[in-house]
$ cat run24.cif   # mmCIF, C-alpha atoms
data_data
#
loop_
_atom_site.group_PDB
_atom_site.id
_atom_site.type_symbol
_atom_site.label_atom_id
_atom_site.label_comp_id
_atom_site.auth_asym_id
_atom_site.auth_seq_id
_atom_site.Cartn_x
_atom_site.Cartn_y
_atom_site.Cartn_z
ATOM 1 C CA MET A 1 -17.332 -65.887 97.497
ATOM 2 C CA VAL A 2 -18.726 -63.637 94.774
ATOM 3 C CA ILE A 3 -22.231 -63.935 96.193
ATOM 4 C CA GLY A 4 -20.961 -62.928 99.630
ATOM 5 C CA ALA A 5 -19.186 -59.934 98.133
ATOM 6 C CA ILE A 6 -22.368 -58.876 96.324
ATOM 7 C CA PHE A 7 -24.354 -59.115 99.569
ATOM 8 C CA HIS A 8 -21.727 -57.042 101.368
ATOM 9 C CA VAL A 9 -21.751 -54.314 98.703
ATOM 10 C CA LEU A 10 -25.561 -54.186 98.681
ATOM 11 C CA GLN A 11 -25.721 -54.039 102.471
ATOM 12 C CA SER A 12 -23.092 -51.295 102.655
ATOM 13 C CA GLY A 13 -25.174 -49.018 100.422
ATOM 14 C CA PHE A 14 -22.232 -48.314 98.117
ATOM 15 C CA LEU A 15 -24.387 -48.547 94.967
ATOM 16 C CA THR A 16 -27.421 -46.735 96.372
ATOM 17 C CA SER A 17 -26.673 -43.339 94.841
ATOM 18 C CA PHE A 18 -25.554 -44.931 91.572
ATOM 19 C CA CYS A 19 -28.766 -46.949 91.236
ATOM 20 C CA GLY A 20 -30.818 -43.960 92.351
ATOM 21 C CA GLU A 21 -29.522 -41.931 89.414
ATOM 22 C CA PHE A 22 -30.648 -44.616 86.975
ATOM 23 C CA ALA A 23 -34.067 -44.668 88.640
ATOM 24 C CA ASP A 24 -34.323 -40.893 88.214
ATOM 25 C CA ILE A 25 -33.395 -41.159 84.534
ATOM 26 C CA GLY A 26 -35.910 -43.981 84.082
ATOM 27 C CA GLN A 27 -38.698 -41.806 85.475
ATOM 28 C CA LEU A 28 -38.156 -39.386 82.594
ATOM 29 C CA PHE A 29 -39.106 -42.091 80.095
ATOM 30 C CA ILE A 30 -41.565 -44.246 82.041
ATOM 31 C CA ARG A 31 -44.437 -42.562 83.832
ATOM 32 C CA GLN A 32 -45.727 -44.024 87.090
ATOM 33 C CA SER A 33 -49.186 -43.554 88.468
ATOM 34 C CA LYS A 34 -49.582 -41.393 91.540
ATOM 35 C CA ALA A 35 -50.737 -44.418 93.562
ATOM 36 C CA LEU A 36 -47.578 -46.338 92.628
ATOM 37 C CA GLN A 37 -45.391 -43.366 93.542
ATOM 38 C CA GLU A 38 -47.115 -43.093 96.941
ATOM 39 C CA GLU A 39 -46.708 -46.830 97.567
ATOM 40 C CA ASN A 40 -43.010 -46.689 96.666
ATOM 41 C CA GLU A 41 -42.534 -43.782 99.059
ATOM 42 C CA ARG A 42 -44.381 -45.652 101.818
ATOM 43 C CA LEU A 43 -42.145 -48.698 101.326
ATOM 44 C CA ARG A 44 -38.997 -46.549 101.392
ATOM 45 C CA SER A 45 -40.042 -44.993 104.697
ATOM 46 C CA ASP A 46 -41.117 -48.293 106.327
ATOM 47 C CA GLU A 47 -38.535 -48.892 109.062
ATOM 48 C CA SER A 48 -39.646 -52.454 109.824
ATOM 49 C CA LEU A 49 -39.190 -53.447 106.171
ATOM 50 C CA SER A 50 -35.768 -51.816 106.121
ATOM 51 C CA ALA A 51 -34.781 -53.670 109.301
ATOM 52 C CA TRP A 52 -36.038 -56.955 107.809
ATOM 53 C CA LYS A 53 -33.987 -56.402 104.630
ATOM 54 C CA THR A 54 -30.877 -55.637 106.688
ATOM 55 C CA SER A 55 -31.403 -58.739 108.799
ATOM 56 C CA MET A 56 -32.017 -60.882 105.709
ATOM 57 C CA PHE A 57 -28.853 -59.639 103.986
ATOM 58 C CA ARG A 58 -26.855 -60.317 107.150
ATOM 59 C CA HIS A 59 -28.243 -63.855 107.454
ATOM 60 C CA LEU A 60 -27.674 -64.609 103.778
ATOM 61 C CA LYS A 61 -24.117 -63.326 103.985
ATOM 62 C CA VAL A 62 -23.363 -65.494 107.029
ATOM 63 C CA TYR A 63 -25.057 -68.498 105.409
ATOM 64 C CA ASN A 64 -23.117 -67.986 102.171
ATOM 65 C CA PHE A 65 -19.772 -67.781 103.966
ATOM 66 C CA GLY A 66 -20.642 -70.816 106.079
ATOM 67 C CA VAL A 67 -21.597 -72.915 103.069
ATOM 68 C CA ARG A 68 -18.496 -71.800 101.186
ATOM 69 C CA ASN A 69 -16.161 -72.623 104.074
ATOM 70 C CA GLY A 70 -17.920 -75.906 104.761
ATOM 71 C CA THR A 71 -17.584 -76.885 101.114
ATOM 72 C CA TYR A 72 -13.882 -76.058 101.116
ATOM 73 C CA ILE A 73 -13.331 -78.098 104.263
ATOM 74 C CA LEU A 74 -15.274 -81.032 102.816
ATOM 75 C CA LEU A 75 -13.405 -80.926 99.505
ATOM 76 C CA ASP A 76 -10.077 -80.566 101.300
ATOM 77 C CA SER A 77 -10.787 -83.611 103.458
ATOM 78 C CA ILE A 78 -11.691 -85.659 100.392
ATOM 79 C CA ASN A 79 -8.526 -84.668 98.510
ATOM 80 C CA VAL A 80 -6.160 -85.329 101.449
ATOM 81 C CA GLY A 81 -6.528 -89.127 101.240
#
$ encode --input "run24.cif" --output "structure tokens"
Amino acid sequence: MVIGAIFHVLQSGFLTSFCGEFADIGQLFIRQSKALQEENERLRSDESLSAWKTSMFRHLKVYNFGVRNGTYILLDSINVG
């Protein structure tokens, strides 16, 4: 259940601004090459990658909830007898 909650929070973007602030602070201490900065910007603006990440989070969340519920049902059926 915790894993599903983490996926939901990450997918909702709730921590995006919080994590972005730490990234900005980190850039003050760790210098990145211009090529790395350009590549990071290209990845941020890549819509197909963003859509893939969204789809992957959605699938992982559904899979996690399915496995969790299936496990509960299996354990419940074992303990009933």
$ atom_distance --input "run24.cif" --atom1 "atom CA of A:Arg58" --atom2 "atom CA of A:His8"
8.4 Å
$ atom_distance --input "run24.cif" --atom1 "atom CA of A:Ser45" --atom2 "atom CA of A:Ala23"
17.1 Å
$ atom_distance --input "run24.cif" --atom1 "atom CA of A:Lys53" --atom2 "atom CA of A:Val2"
19.6 Å
$ closest_residue --input "run24.cif" --among "A:Leu10, A:Ile78, A:Ile73, A:Ile25" --to "A:Thr54" --atoms "all atoms listed in the file"
A:Leu10
$ resolve_selection --input "run24.cif" --expression "the PyMOL selection byres ((chain A and resi 60) around 12)" --output "list in words"
Ile3, Gly4, Ala5, Ile6, Phe7, His8, Leu10, Gln11, Lys53, Thr54, Ser55, Met56, Phe57, Arg58, His59, Lys61, Val62, Tyr63, Asn64, Phe65, Gly66, Val67 and Arg68 of chain A
$ decode --input "run24.cif" --residues "stretch 13-56 of chain A" --atoms "N, CA and C atoms" --output "CSV table (one decimal), in the first residue's frame"
chain,number,residue,atom,x,y,z
A,13,GLY,N,2.5,15.0,-8.9
A,13,GLY,CA,3.4,16.2,-9.0
A,13,GLY,C,3.5,17.0,-7.8
A,14,PHE,N,3.0,16.5,-6.7
A,14,PHE,CA,3.0,17.2,-5.4
A,14,PHE,C,4.4,17.6,-5.0
A,15,LEU,N,5.4,16.7,-5.2
A,15,LEU,CA,6.7,17.0,-4.7
A,15,LEU,C,7.6,17.7,-5.7
A,16,THR,N,7.1,18.0,-6.9
A,16,THR,CA,7.9,18.6,-8.0
A,16,THR,C,8.5,19.9,-7.6
A,17,SER,N,7.8,20.8,-7.0
A,17,SER,CA,8.4,22.1,-6.7
A,17,SER,C,9.4,21.9,-5.5
A,18,PHE,N,9.1,21.0,-4.6
A,18,PHE,CA,9.9,20.8,-3.5
A,18,PHE,C,11.3,20.2,-3.9
A,19,CYS,N,11.2,19.2,-4.8
A,19,CYS,CA,12.4,18.6,-5.3
A,19,CYS,C,13.2,19.5,-6.2
A,20,GLY,N,12.5,20.4,-6.9
A,20,GLY,CA,13.1,21.4,-7.8
A,20,GLY,C,13.9,22.4,-7.0
A,21,GLU,N,13.5,22.7,-5.8
A,21,GLU,CA,14.3,23.7,-5.0
A,21,GLU,C,15.6,23.0,-4.6
A,22,PHE,N,15.5,21.7,-4.2
A,22,PHE,CA,16.8,21.1,-3.9
A,22,PHE,C,17.7,21.0,-5.1
A,23,ALA,N,17.2,20.8,-6.2
A,23,ALA,CA,18.0,20.7,-7.4
A,23,ALA,C,18.7,22.1,-7.7
A,24,ASP,N,17.9,23.1,-7.5
A,24,ASP,CA,18.5,24.5,-7.6
A,24,ASP,C,19.6,24.8,-6.6
A,25,ILE,N,19.4,24.3,-5.4
A,25,ILE,CA,20.4,24.5,-4.4
A,25,ILE,C,21.7,23.7,-4.7
A,26,GLY,N,21.4,22.4,-5.2
A,26,GLY,CA,22.5,21.6,-5.6
A,26,GLY,C,23.4,22.1,-6.7
A,27,GLN,N,22.8,22.9,-7.6
A,27,GLN,CA,23.5,23.5,-8.7
A,27,GLN,C,24.5,24.6,-8.3
A,28,LEU,N,24.3,25.1,-7.1
A,28,LEU,CA,25.2,26.1,-6.5
A,28,LEU,C,26.5,25.5,-6.1
A,29,PHE,N,26.4,24.2,-5.7
A,29,PHE,CA,27.6,23.5,-5.2
A,29,PHE,C,28.3,22.6,-6.2
A,30,ILE,N,27.5,22.0,-7.1
A,30,ILE,CA,28.0,21.1,-8.1
A,30,ILE,C,27.8,21.7,-9.5
A,31,ARG,N,28.8,21.9,-10.2
A,31,ARG,CA,28.7,22.5,-11.6
A,31,ARG,C,28.5,21.4,-12.6
A,32,GLN,N,27.6,21.7,-13.6
A,32,GLN,CA,27.3,20.8,-14.6
A,32,GLN,C,27.9,21.4,-15.9
A,33,SER,N,28.3,20.5,-16.8
A,33,SER,CA,28.8,20.9,-18.1
A,33,SER,C,27.6,21.5,-18.9
A,34,LYS,N,27.9,22.3,-19.9
A,34,LYS,CA,26.9,22.9,-20.7
A,34,LYS,C,26.2,21.8,-21.5
A,35,ALA,N,26.9,20.8,-22.0
A,35,ALA,CA,26.3,19.7,-22.7
A,35,ALA,C,25.3,18.9,-21.8
A,36,LEU,N,25.6,18.7,-20.6
A,36,LEU,CA,24.7,18.0,-19.6
A,36,LEU,C,23.5,18.8,-19.4
A,37,GLN,N,23.7,20.1,-19.2
A,37,GLN,CA,22.5,21.0,-19.0
A,37,GLN,C,21.6,21.0,-20.2
A,38,GLU,N,22.1,21.0,-21.4
A,38,GLU,CA,21.3,21.0,-22.6
A,38,GLU,C,20.6,19.7,-22.7
A,39,GLU,N,21.2,18.6,-22.4
A,39,GLU,CA,20.6,17.3,-22.5
A,39,GLU,C,19.5,17.2,-21.4
A,40,ASN,N,19.7,17.7,-20.2
A,40,ASN,CA,18.6,17.7,-19.2
A,40,ASN,C,17.4,18.5,-19.7
A,41,GLU,N,17.7,19.6,-20.3
A,41,GLU,CA,16.6,20.4,-20.8
A,41,GLU,C,15.8,19.7,-21.9
A,42,ARG,N,16.6,19.0,-22.8
A,42,ARG,CA,15.9,18.3,-23.9
A,42,ARG,C,15.0,17.2,-23.3
A,43,LEU,N,15.5,16.5,-22.3
A,43,LEU,CA,14.7,15.4,-21.7
A,43,LEU,C,13.5,16.0,-21.0
A,44,ARG,N,13.6,17.1,-20.4
A,44,ARG,CA,12.4,17.7,-19.7
A,44,ARG,C,11.4,18.2,-20.7
A,45,SER,N,11.8,18.6,-21.9
A,45,SER,CA,10.8,19.0,-22.9
A,45,SER,C,10.3,17.9,-23.8
A,46,ASP,N,10.8,16.7,-23.7
A,46,ASP,CA,10.4,15.6,-24.5
A,46,ASP,C,9.1,15.1,-24.1
A,47,GLU,N,8.1,15.3,-24.9
A,47,GLU,CA,6.7,15.0,-24.6
A,47,GLU,C,6.5,13.5,-24.6
A,48,SER,N,7.1,12.8,-25.5
A,48,SER,CA,6.9,11.3,-25.6
A,48,SER,C,7.5,10.6,-24.3
A,49,LEU,N,8.6,11.1,-23.8
A,49,LEU,CA,9.2,10.6,-22.6
A,49,LEU,C,8.3,10.8,-21.4
A,50,SER,N,7.8,12.0,-21.4
A,50,SER,CA,6.8,12.4,-20.3
A,50,SER,C,5.6,11.5,-20.3
A,51,ALA,N,5.1,11.3,-21.5
A,51,ALA,CA,3.9,10.4,-21.7
A,51,ALA,C,4.2,9.0,-21.3
A,52,TRP,N,5.4,8.5,-21.6
A,52,TRP,CA,5.8,7.2,-21.2
A,52,TRP,C,5.9,7.0,-19.7
A,53,LYS,N,6.5,8.0,-19.1
A,53,LYS,CA,6.6,8.0,-17.6
A,53,LYS,C,5.3,8.0,-16.9
A,54,THR,N,4.4,8.8,-17.5
A,54,THR,CA,3.0,8.8,-16.9
A,54,THR,C,2.3,7.5,-17.1
A,55,SER,N,2.5,6.9,-18.2
A,55,SER,CA,1.9,5.6,-18.5
A,55,SER,C,2.5,4.5,-17.6
A,56,MET,N,3.8,4.6,-17.4
A,56,MET,CA,4.5,3.6,-16.6
A,56,MET,C,4.1,3.7,-15.1
